[in-house]
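S.K.: Provided herewith: coords37.csv, CSV, N, CA and C atoms.
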```
chain,number,residue,atom,x,y,z
A,181,GLN,N,-21.3,-6.8,-1.1
A,181,GLN,CA,-21.1,-5.7,-0.2
A,181,GLN,C,-19.7,-5.3,-0.2
A,182,VAL,N,-19.4,-4.0,-0.3
A,182,VAL,CA,-18.1,-3.5,-0.3
A,182,VAL,C,-17.5,-3.2,1.1
A,183,GLN,N,-16.3,-3.6,1.3
A,183,GLN,CA,-15.7,-3.5,2.6
A,183,GLN,C,-14.3,-3.0,2.4
A,184,LEU,N,-13.9,-2.0,3.2
A,184,LEU,CA,-12.5,-1.5,3.2
A,184,LEU,C,-11.9,-1.8,4.5
A,185,VAL,N,-10.7,-2.4,4.5
A,185,VAL,CA,-10.1,-2.8,5.8
A,185,VAL,C,-8.7,-2.2,5.8
A,186,GLU,N,-8.5,-1.4,6.8
A,186,GLU,CA,-7.1,-0.7,7.0
A,186,GLU,C,-6.3,-1.6,7.9
A,187,SER,N,-5.0,-1.4,7.7
A,187,SER,CA,-4.0,-2.1,8.6
A,187,SER,C,-2.7,-1.3,8.6
A,188,GLY,N,-1.9,-1.5,9.6
A,188,GLY,CA,-0.6,-0.9,9.6
A,188,GLY,C,-0.4,0.2,10.6
A,189,GLY,N,-1.5,0.6,11.3
A,189,GLY,CA,-1.4,1.7,12.3
A,189,GLY,C,-0.7,1.2,13.5
A,190,GLY,N,-0.4,2.1,14.5
A,190,GLY,CA,0.2,1.7,15.7
A,190,GLY,C,0.9,2.9,16.4
A,191,LEU,N,1.8,2.5,17.3
A,191,LEU,CA,2.5,3.5,18.1
A,191,LEU,C,3.9,3.6,17.6
A,192,VAL,N,4.4,4.8,17.3
A,192,VAL,CA,5.7,5.0,16.8
A,192,VAL,C,6.3,6.3,17.4
A,193,GLN,N,7.6,6.3,17.6
A,193,GLN,CA,8.2,7.6,18.1
A,193,GLN,C,8.4,8.6,17.0
A,194,ALA,N,8.4,9.8,17.4
A,194,ALA,CA,8.6,10.9,16.4
A,194,ALA,C,9.9,10.6,15.6
A,195,GLY,N,9.7,10.9,14.3
A,195,GLY,CA,10.8,10.6,13.4
A,195,GLY,C,10.7,9.2,12.7
A,196,GLY,N,9.9,8.4,13.3
A,196,GLY,CA,9.7,7.0,12.8
A,196,GLY,C,8.8,7.0,11.5
A,197,SER,N,8.6,5.7,11.1
A,197,SER,CA,7.8,5.5,9.9
A,197,SER,C,6.7,4.4,10.1
A,198,LEU,N,5.7,4.5,9.4
A,198,LEU,CA,4.6,3.5,9.3
A,198,LEU,C,4.1,3.4,7.9
A,199,ARG,N,3.6,2.3,7.6
A,199,ARG,CA,3.0,2.1,6.3
A,199,ARG,C,1.6,1.5,6.5
A,200,LEU,N,0.6,2.3,6.0
A,200,LEU,CA,-0.8,1.9,6.1
A,200,LEU,C,-1.2,1.2,4.8
A,201,SER,N,-2.0,0.2,5.0
A,201,SER,CA,-2.6,-0.5,3.8
A,201,SER,C,-4.1,-0.5,3.9
A,202,CYS,N,-4.7,-0.5,2.8
A,202,CYS,CA,-6.2,-0.6,2.7
A,202,CYS,C,-6.6,-1.6,1.6
A,203,ALA,N,-7.3,-2.6,2.0
A,203,ALA,CA,-7.7,-3.6,1.1
A,203,ALA,C,-9.2,-3.5,0.9
A,204,ALA,N,-9.6,-3.5,-0.4
A,204,ALA,CA,-11.1,-3.4,-0.7
A,204,ALA,C,-11.6,-4.8,-1.1
A,205,SER,N,-12.7,-5.2,-0.6
A,205,SER,CA,-13.4,-6.4,-1.0
A,205,SER,C,-14.8,-6.1,-1.5
A,206,GLY,N,-15.3,-7.0,-2.3
A,206,GLY,CA,-16.6,-6.7,-2.9
A,206,GLY,C,-16.5,-6.1,-4.3
A,207,SER,N,-17.6,-5.8,-4.9
A,207,SER,CA,-17.6,-5.3,-6.3
A,207,SER,C,-17.5,-3.8,-6.3
A,208,ILE,N,-16.4,-3.2,-6.8
A,208,ILE,CA,-16.3,-1.8,-6.9
A,208,ILE,C,-16.0,-1.5,-8.3
A,209,PHE,N,-16.8,-0.6,-8.9
A,209,PHE,CA,-16.6,-0.2,-10.3
A,209,PHE,C,-16.4,1.3,-10.4
A,210,ASN,N,-15.7,1.6,-11.5
A,210,ASN,CA,-15.6,3.0,-11.9
A,210,ASN,C,-15.0,3.8,-10.7
A,211,ILE,N,-13.8,3.4,-10.2
A,211,ILE,CA,-13.1,4.1,-9.2
A,211,ILE,C,-12.5,5.4,-9.7
A,212,ASN,N,-12.9,6.5,-9.1
A,212,ASN,CA,-12.3,7.8,-9.5
A,212,ASN,C,-11.0,8.1,-8.7
A,213,ALA,N,-11.1,7.8,-7.4
A,213,ALA,CA,-9.9,8.1,-6.6
A,213,ALA,C,-9.9,7.2,-5.3
A,214,MET,N,-8.8,7.1,-4.8
A,214,MET,CA,-8.6,6.4,-3.5
A,214,MET,C,-7.7,7.3,-2.7
A,215,GLY,N,-8.0,7.2,-1.4
A,215,GLY,CA,-7.3,8.2,-0.5
A,215,GLY,C,-7.3,7.8,0.9
A,216,TRP,N,-6.6,8.7,1.7
A,216,TRP,CA,-6.5,8.6,3.1
A,216,TRP,C,-6.9,9.9,3.7
A,217,TYR,N,-7.8,9.8,4.8
A,217,TYR,CA,-8.2,10.9,5.6
A,217,TYR,C,-7.8,10.6,7.0
A,218,ARG,N,-7.7,11.6,7.8
A,218,ARG,CA,-7.5,11.4,9.2
A,218,ARG,C,-8.3,12.4,10.1
A,219,GLN,N,-8.5,11.9,11.3
A,219,GLN,CA,-9.3,12.7,12.3
A,219,GLN,C,-8.6,12.6,13.6
A,220,ALA,N,-8.2,13.8,14.1
A,220,ALA,CA,-7.6,13.8,15.4
A,220,ALA,C,-8.7,14.2,16.4
A,221,PRO,N,-8.5,13.9,17.7
A,221,PRO,CA,-9.5,14.2,18.7
A,221,PRO,C,-9.9,15.7,18.7
A,222,GLY,N,-11.2,16.0,18.6
A,222,GLY,CA,-11.6,17.3,18.7
A,222,GLY,C,-11.5,18.1,17.3
A,223,LYS,N,-11.1,17.4,16.3
A,223,LYS,CA,-10.9,18.1,15.0
A,223,LYS,C,-11.7,17.4,13.9
A,224,GLN,N,-11.9,18.1,12.8
A,224,GLN,CA,-12.6,17.6,11.7
A,224,GLN,C,-11.8,16.6,10.9
A,225,ARG,N,-12.4,15.7,10.2
A,225,ARG,CA,-11.7,14.8,9.4
A,225,ARG,C,-11.1,15.6,8.2
A,226,GLU,N,-9.9,15.3,7.9
A,226,GLU,CA,-9.2,16.0,6.8
A,226,GLU,C,-8.5,15.1,5.8
A,227,LEU,N,-8.4,15.6,4.6
A,227,LEU,CA,-7.7,14.8,3.6
A,227,LEU,C,-6.2,14.8,3.9
A,228,VAL,N,-5.6,13.6,3.8
A,228,VAL,CA,-4.2,13.4,4.0
A,228,VAL,C,-3.6,13.3,2.6
A,229,ALA,N,-4.1,12.4,1.8
A,229,ALA,CA,-3.5,12.2,0.5
A,229,ALA,C,-4.5,11.4,-0.4
A,230,ALA,N,-4.5,11.6,-1.7
A,230,ALA,CA,-5.4,11.0,-2.6
A,230,ALA,C,-4.7,10.7,-3.9
A,231,ILE,N,-5.1,9.6,-4.6
A,231,ILE,CA,-4.6,9.3,-5.9
A,231,ILE,C,-5.7,8.9,-6.8
A,232,THR,N,-5.7,9.5,-8.0
A,232,THR,CA,-6.8,9.3,-8.9
A,232,THR,C,-6.5,8.1,-9.8
A,233,SER,N,-7.5,7.7,-10.6
A,233,SER,CA,-7.4,6.6,-11.5
A,233,SER,C,-6.3,6.9,-12.5
A,234,ALA,N,-6.0,8.2,-12.7
A,234,ALA,CA,-4.9,8.6,-13.6
A,234,ALA,C,-3.6,8.7,-12.9
A,235,ASP,N,-3.5,8.3,-11.7
A,235,ASP,CA,-2.3,8.3,-10.9
A,235,ASP,C,-1.9,9.7,-10.5
A,236,ARG,N,-2.8,10.7,-10.6
A,236,ARG,CA,-2.5,12.0,-10.0
A,236,ARG,C,-2.6,12.0,-8.5
A,237,THR,N,-1.7,12.6,-7.9
A,237,THR,CA,-1.7,12.6,-6.4
A,237,THR,C,-1.9,14.0,-5.8
A,238,ASN,N,-2.5,14.0,-4.7
A,238,ASN,CA,-2.8,15.2,-4.0
A,238,ASN,C,-2.5,15.0,-2.5
A,239,TYR,N,-1.7,15.9,-1.9
A,239,TYR,CA,-1.3,15.8,-0.5
A,239,TYR,C,-1.7,17.0,0.3
A,240,ALA,N,-2.0,16.8,1.6
A,240,ALA,CA,-2.2,18.0,2.5
A,240,ALA,C,-0.8,18.6,2.6
A,241,ASP,N,-0.8,19.9,2.8
A,241,ASP,CA,0.5,20.6,2.9
A,241,ASP,C,1.3,20.1,4.1
A,242,SER,N,0.6,19.7,5.1
A,242,SER,CA,1.3,19.3,6.3
A,242,SER,C,2.1,18.0,6.2
A,243,VAL,N,1.8,17.2,5.1
A,243,VAL,CA,2.5,15.9,4.9
A,243,VAL,C,3.3,15.9,3.7
A,244,LYS,N,3.3,16.9,2.9
A,244,LYS,CA,4.1,16.9,1.6
A,244,LYS,C,5.6,16.7,2.0
A,245,GLY,N,6.2,15.8,1.2
A,245,GLY,CA,7.6,15.5,1.4
A,245,GLY,C,7.8,14.4,2.4
A,246,ARG,N,6.8,14.0,3.2
A,246,ARG,CA,7.0,13.0,4.2
A,246,ARG,C,6.1,11.8,4.0
A,247,PHE,N,4.9,12.0,3.4
A,247,PHE,CA,4.0,10.8,3.1
A,247,PHE,C,4.0,10.6,1.6
A,248,THR,N,3.8,9.3,1.2
A,248,THR,CA,3.6,8.9,-0.1
A,248,THR,C,2.5,8.0,-0.3
A,249,ILE,N,1.6,8.3,-1.2
A,249,ILE,CA,0.4,7.4,-1.5
A,249,ILE,C,0.7,6.6,-2.7
A,250,SER,N,0.2,5.4,-2.7
A,250,SER,CA,0.3,4.5,-3.9
A,250,SER,C,-0.8,3.6,-3.9
A,251,ARG,N,-1.0,2.9,-5.1
A,251,ARG,CA,-2.2,2.1,-5.2
A,251,ARG,C,-1.8,0.8,-6.1
A,252,ASP,N,-2.6,-0.2,-5.9
A,252,ASP,CA,-2.5,-1.4,-6.7
A,252,ASP,C,-3.8,-1.6,-7.3
A,253,ASN,N,-4.0,-1.3,-8.6
A,253,ASN,CA,-5.3,-1.3,-9.2
A,253,ASN,C,-5.8,-2.8,-9.3
A,254,ALA,N,-4.9,-3.7,-9.6
A,254,ALA,CA,-5.4,-5.1,-9.7
A,254,ALA,C,-6.0,-5.6,-8.4
A,255,LYS,N,-5.4,-5.3,-7.3
A,255,LYS,CA,-5.8,-5.8,-6.0
A,255,LYS,C,-6.8,-4.8,-5.3
A,256,ILE,N,-7.0,-3.7,-5.9
A,256,ILE,CA,-7.8,-2.6,-5.3
A,256,ILE,C,-7.3,-2.4,-3.9
A,257,MET,N,-6.1,-2.0,-3.8
A,257,MET,CA,-5.4,-1.6,-2.6
A,257,MET,C,-4.8,-0.2,-2.7
A,258,VAL,N,-4.8,0.4,-1.5
A,258,VAL,CA,-4.1,1.7,-1.5
A,258,VAL,C,-3.2,1.8,-0.3
A,259,TYR,N,-2.1,2.4,-0.4
A,259,TYR,CA,-1.1,2.4,0.6
A,259,TYR,C,-0.7,3.8,1.0
A,260,LEU,N,-0.2,4.0,2.2
A,260,LEU,CA,0.3,5.3,2.6
A,260,LEU,C,1.6,5.1,3.4
A,261,GLN,N,2.7,5.5,2.8
A,261,GLN,CA,4.0,5.4,3.5
A,261,GLN,C,4.2,6.7,4.2
A,262,MET,N,4.3,6.6,5.5
A,262,MET,CA,4.5,7.8,6.3
A,262,MET,C,5.9,7.8,7.0
A,263,ASN,N,6.7,8.8,6.6
A,263,ASN,CA,8.0,8.9,7.2
A,263,ASN,C,8.1,10.2,8.0
A,264,SER,N,9.1,10.3,8.8
A,264,SER,CA,9.4,11.5,9.6
A,264,SER,C,8.1,11.9,10.3
A,265,LEU,N,7.5,10.9,11.0
A,265,LEU,CA,6.3,11.2,11.7
A,265,LEU,C,6.5,12.2,12.8
A,266,LYS,N,5.4,13.0,13.0
A,266,LYS,CA,5.4,14.0,14.1
A,266,LYS,C,4.2,13.7,15.0
A,267,PRO,N,4.3,14.2,16.2
A,267,PRO,CA,3.2,14.0,17.2
A,267,PRO,C,1.9,14.5,16.6
A,268,GLU,N,2.0,15.6,15.8
A,268,GLU,CA,0.7,16.1,15.3
A,268,GLU,C,0.1,15.3,14.2
A,269,ASP,N,0.8,14.2,13.8
A,269,ASP,CA,0.2,13.2,12.9
A,269,ASP,C,-0.7,12.2,13.6
A,270,THR,N,-0.7,12.3,14.9
A,270,THR,CA,-1.5,11.4,15.7
A,270,THR,C,-3.0,11.6,15.3
A,271,ALA,N,-3.7,10.5,14.9
A,271,ALA,CA,-5.1,10.6,14.5
A,271,ALA,C,-5.5,9.2,14.1
A,272,VAL,N,-6.8,9.0,13.9
A,272,VAL,CA,-7.4,7.9,13.3
A,272,VAL,C,-7.3,8.1,11.8
A,273,TYR,N,-6.8,7.2,11.1
A,273,TYR,CA,-6.6,7.3,9.6
A,273,TYR,C,-7.7,6.4,8.9
A,274,TYR,N,-8.4,7.0,8.0
A,274,TYR,CA,-9.4,6.3,7.3
A,274,TYR,C,-9.1,6.2,5.8
A,275,CYS,N,-9.4,5.0,5.3
A,275,CYS,CA,-9.3,4.7,3.9
A,275,CYS,C,-10.6,5.2,3.2
A,276,ASN,N,-10.4,5.7,2.0
A,276,ASN,CA,-11.6,6.2,1.2
A,276,ASN,C,-11.5,5.8,-0.2
A,277,VAL,N,-12.6,5.3,-0.8
A,277,VAL,CA,-12.6,5.0,-2.2
A,277,VAL,C,-13.8,5.7,-2.8
A,278,GLN,N,-13.6,6.5,-3.8
A,278,GLN,CA,-14.7,7.3,-4.4
A,278,GLN,C,-14.9,6.7,-5.8
A,279,THR,N,-16.2,6.3,-6.1
A,279,THR,CA,-16.6,5.9,-7.4
A,279,THR,C,-17.5,6.9,-8.0
A,280,ARG,N,-18.0,6.7,-9.2
A,280,ARG,CA,-18.8,7.6,-9.8
A,280,ARG,C,-20.1,7.8,-9.0
A,281,LEU,N,-20.6,6.7,-8.4
A,281,LEU,CA,-21.8,6.8,-7.7
A,281,LEU,C,-21.7,6.7,-6.1
A,282,PHE,N,-20.7,6.1,-5.6
A,282,PHE,CA,-20.6,5.9,-4.2
A,282,PHE,C,-19.3,6.4,-3.6
A,283,ASP,N,-19.3,6.5,-2.3
A,283,ASP,CA,-18.2,6.9,-1.5
A,283,ASP,C,-18.1,5.9,-0.4
A,284,TYR,N,-17.0,5.1,-0.4
A,284,TYR,CA,-16.8,4.1,0.6
A,284,TYR,C,-15.7,4.5,1.6
A,285,TRP,N,-15.9,4.0,2.9
A,285,TRP,CA,-15.0,4.3,4.0
A,285,TRP,C,-14.6,3.1,4.8
A,286,GLY,N,-13.4,3.0,5.2
A,286,GLY,CA,-13.0,2.0,6.1
A,286,GLY,C,-13.3,2.4,7.6
A,287,GLN,N,-13.1,1.5,8.5
A,287,GLN,CA,-13.4,1.8,9.9
A,287,GLN,C,-12.3,2.6,10.6
A,288,GLY,N,-11.2,2.7,10.0
A,288,GLY,CA,-10.1,3.5,10.6
A,288,GLY,C,-9.0,2.7,11.3
A,289,THR,N,-7.8,3.2,11.3
A,289,THR,CA,-6.7,2.6,12.1
A,289,THR,C,-6.0,3.7,12.8
A,290,GLN,N,-5.7,3.5,14.1
A,290,GLN,CA,-5.1,4.5,15.0
A,290,GLN,C,-3.6,4.6,14.7
A,291,VAL,N,-3.2,5.8,14.5
A,291,VAL,CA,-1.7,6.1,14.4
A,291,VAL,C,-1.4,7.1,15.6
A,292,THR,N,-0.5,6.7,16.4
A,292,THR,CA,-0.1,7.5,17.6
A,292,THR,C,1.4,7.7,17.5
A,293,VAL,N,1.8,9.0,17.5
A,293,VAL,CA,3.2,9.4,17.4
A,293,VAL,C,3.6,10.0,18.7
A,294,SER,N,4.6,9.4,19.4
A,294,SER,CA,5.0,9.9,20.7
A,294,SER,C,6.2,10.8,20.5
A,295,SER,N,6.3,11.8,21.4
A,295,SER,CA,7.4,12.8,21.3
A,295,SER,C,8.6,12.3,22.1
```
Step by step, read the file and then write its structure as C-alpha cells.

M.R.:
Amino acid sequence: QVQLVESGGGLVQAGGSLRLSCAASGSIFNINAMGWYRQAPGKQRELVAAITSADRTNYADSVKGRFTISRDNAKIMVYLQMNSLKPEDTAVYYCNVQTRLFDYWGQGTQVTVSS
C-alpha cells in the first residue's frame, strides 16, 4: 500500500522560510511527476510546483522565484523549499505523486504565515 507522508509545515512570520518534505512508502512504479499542491480555506486546490522524472519543473506564477522543488529519486522523496513567505501562502500543502496508472496524495501539512 502506497503512503505519502508530509512534514515541515508550521507557523512562520512573513518573510520567513519553511522546507516541506514528502516521503513515499510502498511500491511505486513508473513515476511521471511529483509535486506540491495547496488549498486555502474557501478556495480550490491549486498546483504549487511539480517536477517530472526528467527533472523539468513547473511553478505557479505566485511562487516563482520564492519556492524551489527538488526530489530524491532513490528515496522517493520530494521537497519544497519556501522562502520569502507571504500571508497568502497560508494553506494546507499536499504532496502528490503521479504514475502512469495512479495518482497518490498525502494527507497534507498546514502552513500558516503571519503578517

S.K.: So, counting only C-alpha atoms, which residue among A:Ser295, A:Ser250, A:Gln290, A:Ser264 is closest to Gly196 of chain A?

M.R.: A:Ser264

S.K.: So how far away is atom CA of Phe209 of chain A from atom CA of Gln278 of chain A, in Å?

M.R.: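 Interatomic distance, atom CA of Gln278 of chain A to atom CA of Phe209 of chain A: 9.7 Å.
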
S.K.: By how many Å are atom C of Arg280 of chain A and atom CA of Glu186 of chain A apart?

M.R.: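 So the answer is 22.3 Å.
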
S.K.: For the atom pair atom CA of Ser205 of chain A and atom CA of Gln183 of chain A, what is the interatomic distance in Å to one decimal place?

M.R.: 5.2 Å

S.K.: Quick one: residues within 7 Å of Leu198 of chain A, all atoms listed in the file, excluding same-chain residues fewer than 6 positions away - as a PDB file with N, CA and C atoms, in the coordinates of the input?

M.R.:
```pdb
ATOM      1  N   GLY A 188      -1.900  -1.500   9.600  1.00  0.00           N
ATOM      2  CA  GLY A 188      -0.600  -0.900   9.600  1.00  0.00           C
ATOM      3  C   GLY A 188      -0.400   0.200  10.600  1.00  0.00           C
ATOM      4  N   GLY A 189      -1.500   0.600  11.300  1.00  0.00           N
ATOM      5  CA  GLY A 189      -1.400   1.700  12.300  1.00  0.00           C
ATOM      6  C   GLY A 189      -0.700   1.200  13.500  1.00  0.00           C
ATOM      7  N   LEU A 260      -0.200   4.000   2.200  1.00  0.00           N
ATOM      8  CA  LEU A 260       0.300   5.300   2.600  1.00  0.00           C
ATOM      9  C   LEU A 260       1.600   5.100   3.400  1.00  0.00           C
ATOM     10  N   GLN A 261       2.700   5.500   2.800  1.00  0.00           N
ATOM     11  CA  GLN A 261       4.000   5.400   3.500  1.00  0.00           C
ATOM     12  C   GLN A 261       4.200   6.700   4.200  1.00  0.00           C
ATOM     13  N   MET A 262       4.300   6.600   5.500  1.00  0.00           N
ATOM     14  CA  MET A 262       4.500   7.800   6.300  1.00  0.00           C
ATOM     15  C   MET A 262       5.900   7.800   7.000  1.00  0.00           C
ATOM     16  N   ASN A 263       6.700   8.800   6.600  1.00  0.00           N
ATOM     17  CA  ASN A 263       8.000   8.900   7.200  1.00  0.00           C
ATOM     18  C   ASN A 263       8.100  10.200   8.000  1.00  0.00           C
ATOM     19  N   SER A 264       9.100  10.300   8.800  1.00  0.00           N
ATOM     20  CA  SER A 264       9.400  11.500   9.600  1.00  0.00           C
ATOM     21  C   SER A 264       8.100  11.900  10.300  1.00  0.00           C
ATOM     22  N   LEU A 265       7.500  10.900  11.000  1.00  0.00           N
ATOM     23  CA  LEU A 265       6.300  11.200  11.700  1.00  0.00           C
ATOM     24  C   LEU A 265       6.500  12.200  12.800  1.00  0.00           C
TER      25      LEU A 265
END
```

S.K.: Which residue out of A:Tyr239, A:Tyr273, A:Trp216, A:Phe282 has the minimum interatomic distance to Tyr259 of chain A when all atoms listed in the file are used?

M.R.: A:Trp216

S.K.: Compare A:Val291, A:Leu191, A:Val185, A:Ala234 by their minimum atom-to-atom distance to Asn276 of chain A, counting only C-alpha atoms, and give me the closest one.

M.R.: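 Once distances to Asn276 of chain A are computed over only C-alpha atoms, the minimum belongs to A:Val185.
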
S.K.: Pick from A:Gly288, A:Gly215, A:Ser207, A:Val293: nearest to Ala230 of chain A, with only N, CA and C atoms counted?

M.R.: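 Ranking A:Gly288, A:Gly215, A:Ser207, A:Val293 by distance to Ala230 of chain A, first place goes to A:Gly215.
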
S.K.: Using only C-alpha atoms, can you tell me which of A:Ile256, A:Ala220, A:Ile231, A:Ala203 comes closest to Ala271 of chain A?

M.R.: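 Using only C-alpha atoms, the shortest distance to Ala271 of chain A belongs to A:Ala220.
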
S.K.: Which of segment 203-292 of chain A counts as strand (DSSP E) under DSSP, as a compact mmCIF listing (two decimals) with N, CA and C atoms, keeping the file's coordinate frame please?

M.R.:
```txt
# COMPACT_ATOMS: atom_id res chain seq x y z
N ALA A 203 -7.30 -2.60 2.00
CA ALA A 203 -7.70 -3.60 1.10
C ALA A 203 -9.20 -3.50 0.90
N ALA A 204 -9.60 -3.50 -0.40
CA ALA A 204 -11.10 -3.40 -0.70
C ALA A 204 -11.60 -4.80 -1.10
N SER A 205 -12.70 -5.20 -0.60
CA SER A 205 -13.40 -6.40 -1.00
C SER A 205 -14.80 -6.10 -1.50
N ILE A 211 -13.80 3.40 -10.20
CA ILE A 211 -13.10 4.10 -9.20
C ILE A 211 -12.50 5.40 -9.70
N ASN A 212 -12.90 6.50 -9.10
CA ASN A 212 -12.30 7.80 -9.50
C ASN A 212 -11.00 8.10 -8.70
N ALA A 213 -11.10 7.80 -7.40
CA ALA A 213 -9.90 8.10 -6.60
C ALA A 213 -9.90 7.20 -5.30
N MET A 214 -8.80 7.10 -4.80
CA MET A 214 -8.60 6.40 -3.50
C MET A 214 -7.70 7.30 -2.70
N GLY A 215 -8.00 7.20 -1.40
CA GLY A 215 -7.30 8.20 -0.50
C GLY A 215 -7.30 7.80 0.90
N TRP A 216 -6.60 8.70 1.70
CA TRP A 216 -6.50 8.60 3.10
C TRP A 216 -6.90 9.90 3.70
N TYR A 217 -7.80 9.80 4.80
CA TYR A 217 -8.20 10.90 5.60
C TYR A 217 -7.80 10.60 7.00
N ARG A 218 -7.70 11.60 7.80
CA ARG A 218 -7.50 11.40 9.20
C ARG A 218 -8.30 12.40 10.10
N GLN A 219 -8.50 11.90 11.30
CA GLN A 219 -9.30 12.70 12.30
C GLN A 219 -8.60 12.60 13.60
N GLU A 226 -9.90 15.30 7.90
CA GLU A 226 -9.20 16.00 6.80
C GLU A 226 -8.50 15.10 5.80
N LEU A 227 -8.40 15.60 4.60
CA LEU A 227 -7.70 14.80 3.60
C LEU A 227 -6.20 14.80 3.90
N VAL A 228 -5.60 13.60 3.80
CA VAL A 228 -4.20 13.40 4.00
C VAL A 228 -3.60 13.30 2.60
N ALA A 229 -4.10 12.40 1.80
CA ALA A 229 -3.50 12.20 0.50
C ALA A 229 -4.50 11.40 -0.40
N ALA A 230 -4.50 11.60 -1.70
CA ALA A 230 -5.40 11.00 -2.60
C ALA A 230 -4.70 10.70 -3.90
N ILE A 231 -5.10 9.60 -4.60
CA ILE A 231 -4.60 9.30 -5.90
C ILE A 231 -5.70 8.90 -6.80
N THR A 232 -5.70 9.50 -8.00
CA THR A 232 -6.80 9.30 -8.90
C THR A 232 -6.50 8.10 -9.80
N THR A 237 -1.70 12.60 -7.90
CA THR A 237 -1.70 12.60 -6.40
C THR A 237 -1.90 14.00 -5.80
N ASN A 238 -2.50 14.00 -4.70
CA ASN A 238 -2.80 15.20 -4.00
C ASN A 238 -2.50 15.00 -2.50
N TYR A 239 -1.70 15.90 -1.90
CA TYR A 239 -1.30 15.80 -0.50
C TYR A 239 -1.70 17.00 0.30
N PHE A 247 4.90 12.00 3.40
CA PHE A 247 4.00 10.80 3.10
C PHE A 247 4.00 10.60 1.60
N THR A 248 3.80 9.30 1.20
CA THR A 248 3.60 8.90 -0.10
C THR A 248 2.50 8.00 -0.30
N ILE A 249 1.60 8.30 -1.20
CA ILE A 249 0.40 7.40 -1.50
C ILE A 249 0.70 6.60 -2.70
N SER A 250 0.20 5.40 -2.70
CA SER A 250 0.30 4.50 -3.90
C SER A 250 -0.80 3.60 -3.90
N ARG A 251 -1.00 2.90 -5.10
CA ARG A 251 -2.20 2.10 -5.20
C ARG A 251 -1.80 0.80 -6.10
N ASP A 252 -2.60 -0.20 -5.90
CA ASP A 252 -2.50 -1.40 -6.70
C ASP A 252 -3.80 -1.60 -7.30
N MET A 257 -6.10 -2.00 -3.80
CA MET A 257 -5.40 -1.60 -2.60
C MET A 257 -4.80 -0.20 -2.70
N VAL A 258 -4.80 0.40 -1.50
CA VAL A 258 -4.10 1.70 -1.50
C VAL A 258 -3.20 1.80 -0.30
N TYR A 259 -2.10 2.40 -0.40
CA TYR A 259 -1.10 2.40 0.60
C TYR A 259 -0.70 3.80 1.00
N LEU A 260 -0.20 4.00 2.20
CA LEU A 260 0.30 5.30 2.60
C LEU A 260 1.60 5.10 3.40
N GLN A 261 2.70 5.50 2.80
CA GLN A 261 4.00 5.40 3.50
C GLN A 261 4.20 6.70 4.20
N MET A 262 4.30 6.60 5.50
CA MET A 262 4.50 7.80 6.30
C MET A 262 5.90 7.80 7.00
N ALA A 271 -3.70 10.50 14.90
CA ALA A 271 -5.10 10.60 14.50
C ALA A 271 -5.50 9.20 14.10
N VAL A 272 -6.80 9.00 13.90
CA VAL A 272 -7.40 7.90 13.30
C VAL A 272 -7.30 8.10 11.80
N TYR A 273 -6.80 7.20 11.10
CA TYR A 273 -6.60 7.30 9.60
C TYR A 273 -7.70 6.40 8.90
N TYR A 274 -8.40 7.00 8.00
CA TYR A 274 -9.40 6.30 7.30
C TYR A 274 -9.10 6.20 5.80
N CYS A 275 -9.40 5.00 5.30
CA CYS A 275 -9.30 4.70 3.90
C CYS A 275 -10.60 5.20 3.20
N ASN A 276 -10.40 5.70 2.00
CA ASN A 276 -11.60 6.20 1.20
C ASN A 276 -11.50 5.80 -0.20
N VAL A 277 -12.60 5.30 -0.80
CA VAL A 277 -12.60 5.00 -2.20
C VAL A 277 -13.80 5.70 -2.80
N GLN A 278 -13.60 6.50 -3.80
CA GLN A 278 -14.70 7.30 -4.40
C GLN A 278 -14.90 6.70 -5.80
N THR A 279 -16.20 6.30 -6.10
CA THR A 279 -16.60 5.90 -7.40
C THR A 279 -17.50 6.90 -8.00
N ASP A 283 -19.30 6.50 -2.30
CA ASP A 283 -18.20 6.90 -1.50
C ASP A 283 -18.10 5.90 -0.40
N TYR A 284 -17.00 5.10 -0.40
CA TYR A 284 -16.80 4.10 0.60
C TYR A 284 -15.70 4.50 1.60
N TRP A 285 -15.90 4.00 2.90
CA TRP A 285 -15.00 4.30 4.00
C TRP A 285 -14.60 3.10 4.80
N THR A 289 -7.80 3.20 11.30
CA THR A 289 -6.70 2.60 12.10
C THR A 289 -6.00 3.70 12.80
N GLN A 290 -5.70 3.50 14.10
CA GLN A 290 -5.10 4.50 15.00
C GLN A 290 -3.60 4.60 14.70
N VAL A 291 -3.20 5.80 14.50
CA VAL A 291 -1.70 6.10 14.40
C VAL A 291 -1.40 7.10 15.60
N THR A 292 -0.50 6.70 16.40
CA THR A 292 -0.10 7.50 17.60
C THR A 292 1.40 7.70 17.50
```

S.K.: Could you tell me, as a list in words, which residues of segment 191-282 of chain A DSSP assigns to helix (DSSP H, G or I) when given the backbone?

M.R.: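 Answer for segment 191-282 of chain A restricted to helix (DSSP H, G or I) is Asp241, Ser242, Val243, Pro267, Glu268 and Asp269 of chain A.
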
S.K.: Can I get the selection written as an mmCIF file, in the coordinates of the input, with N, CA and C atoms?

M.R.:
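New file result.cif:
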```
data_model
loop_
_atom_site.group_PDB
_atom_site.id
_atom_site.type_symbol
_atom_site.label_atom_id
_atom_site.label_comp_id
_atom_site.auth_asym_id
_atom_site.auth_seq_id
_atom_site.Cartn_x
_atom_site.Cartn_y
_atom_site.Cartn_z
ATOM 1 N N ASP A 241 -0.800 19.900 2.800
ATOM 2 C CA ASP A 241 0.500 20.600 2.900
ATOM 3 C C ASP A 241 1.300 20.100 4.100
ATOM 4 N N SER A 242 0.600 19.700 5.100
ATOM 5 C CA SER A 242 1.300 19.300 6.300
ATOM 6 C C SER A 242 2.100 18.000 6.200
ATOM 7 N N VAL A 243 1.800 17.200 5.100
ATOM 8 C CA VAL A 243 2.500 15.900 4.900
ATOM 9 C C VAL A 243 3.300 15.900 3.700
ATOM 10 N N PRO A 267 4.300 14.200 16.200
ATOM 11 C CA PRO A 267 3.200 14.000 17.200
ATOM 12 C C PRO A 267 1.900 14.500 16.600
ATOM 13 N N GLU A 268 2.000 15.600 15.800
ATOM 14 C CA GLU A 268 0.700 16.100 15.300
ATOM 15 C C GLU A 268 0.100 15.300 14.200
ATOM 16 N N ASP A 269 0.800 14.200 13.800
ATOM 17 C CA ASP A 269 0.200 13.200 12.900
ATOM 18 C C ASP A 269 -0.700 12.200 13.600
#
```
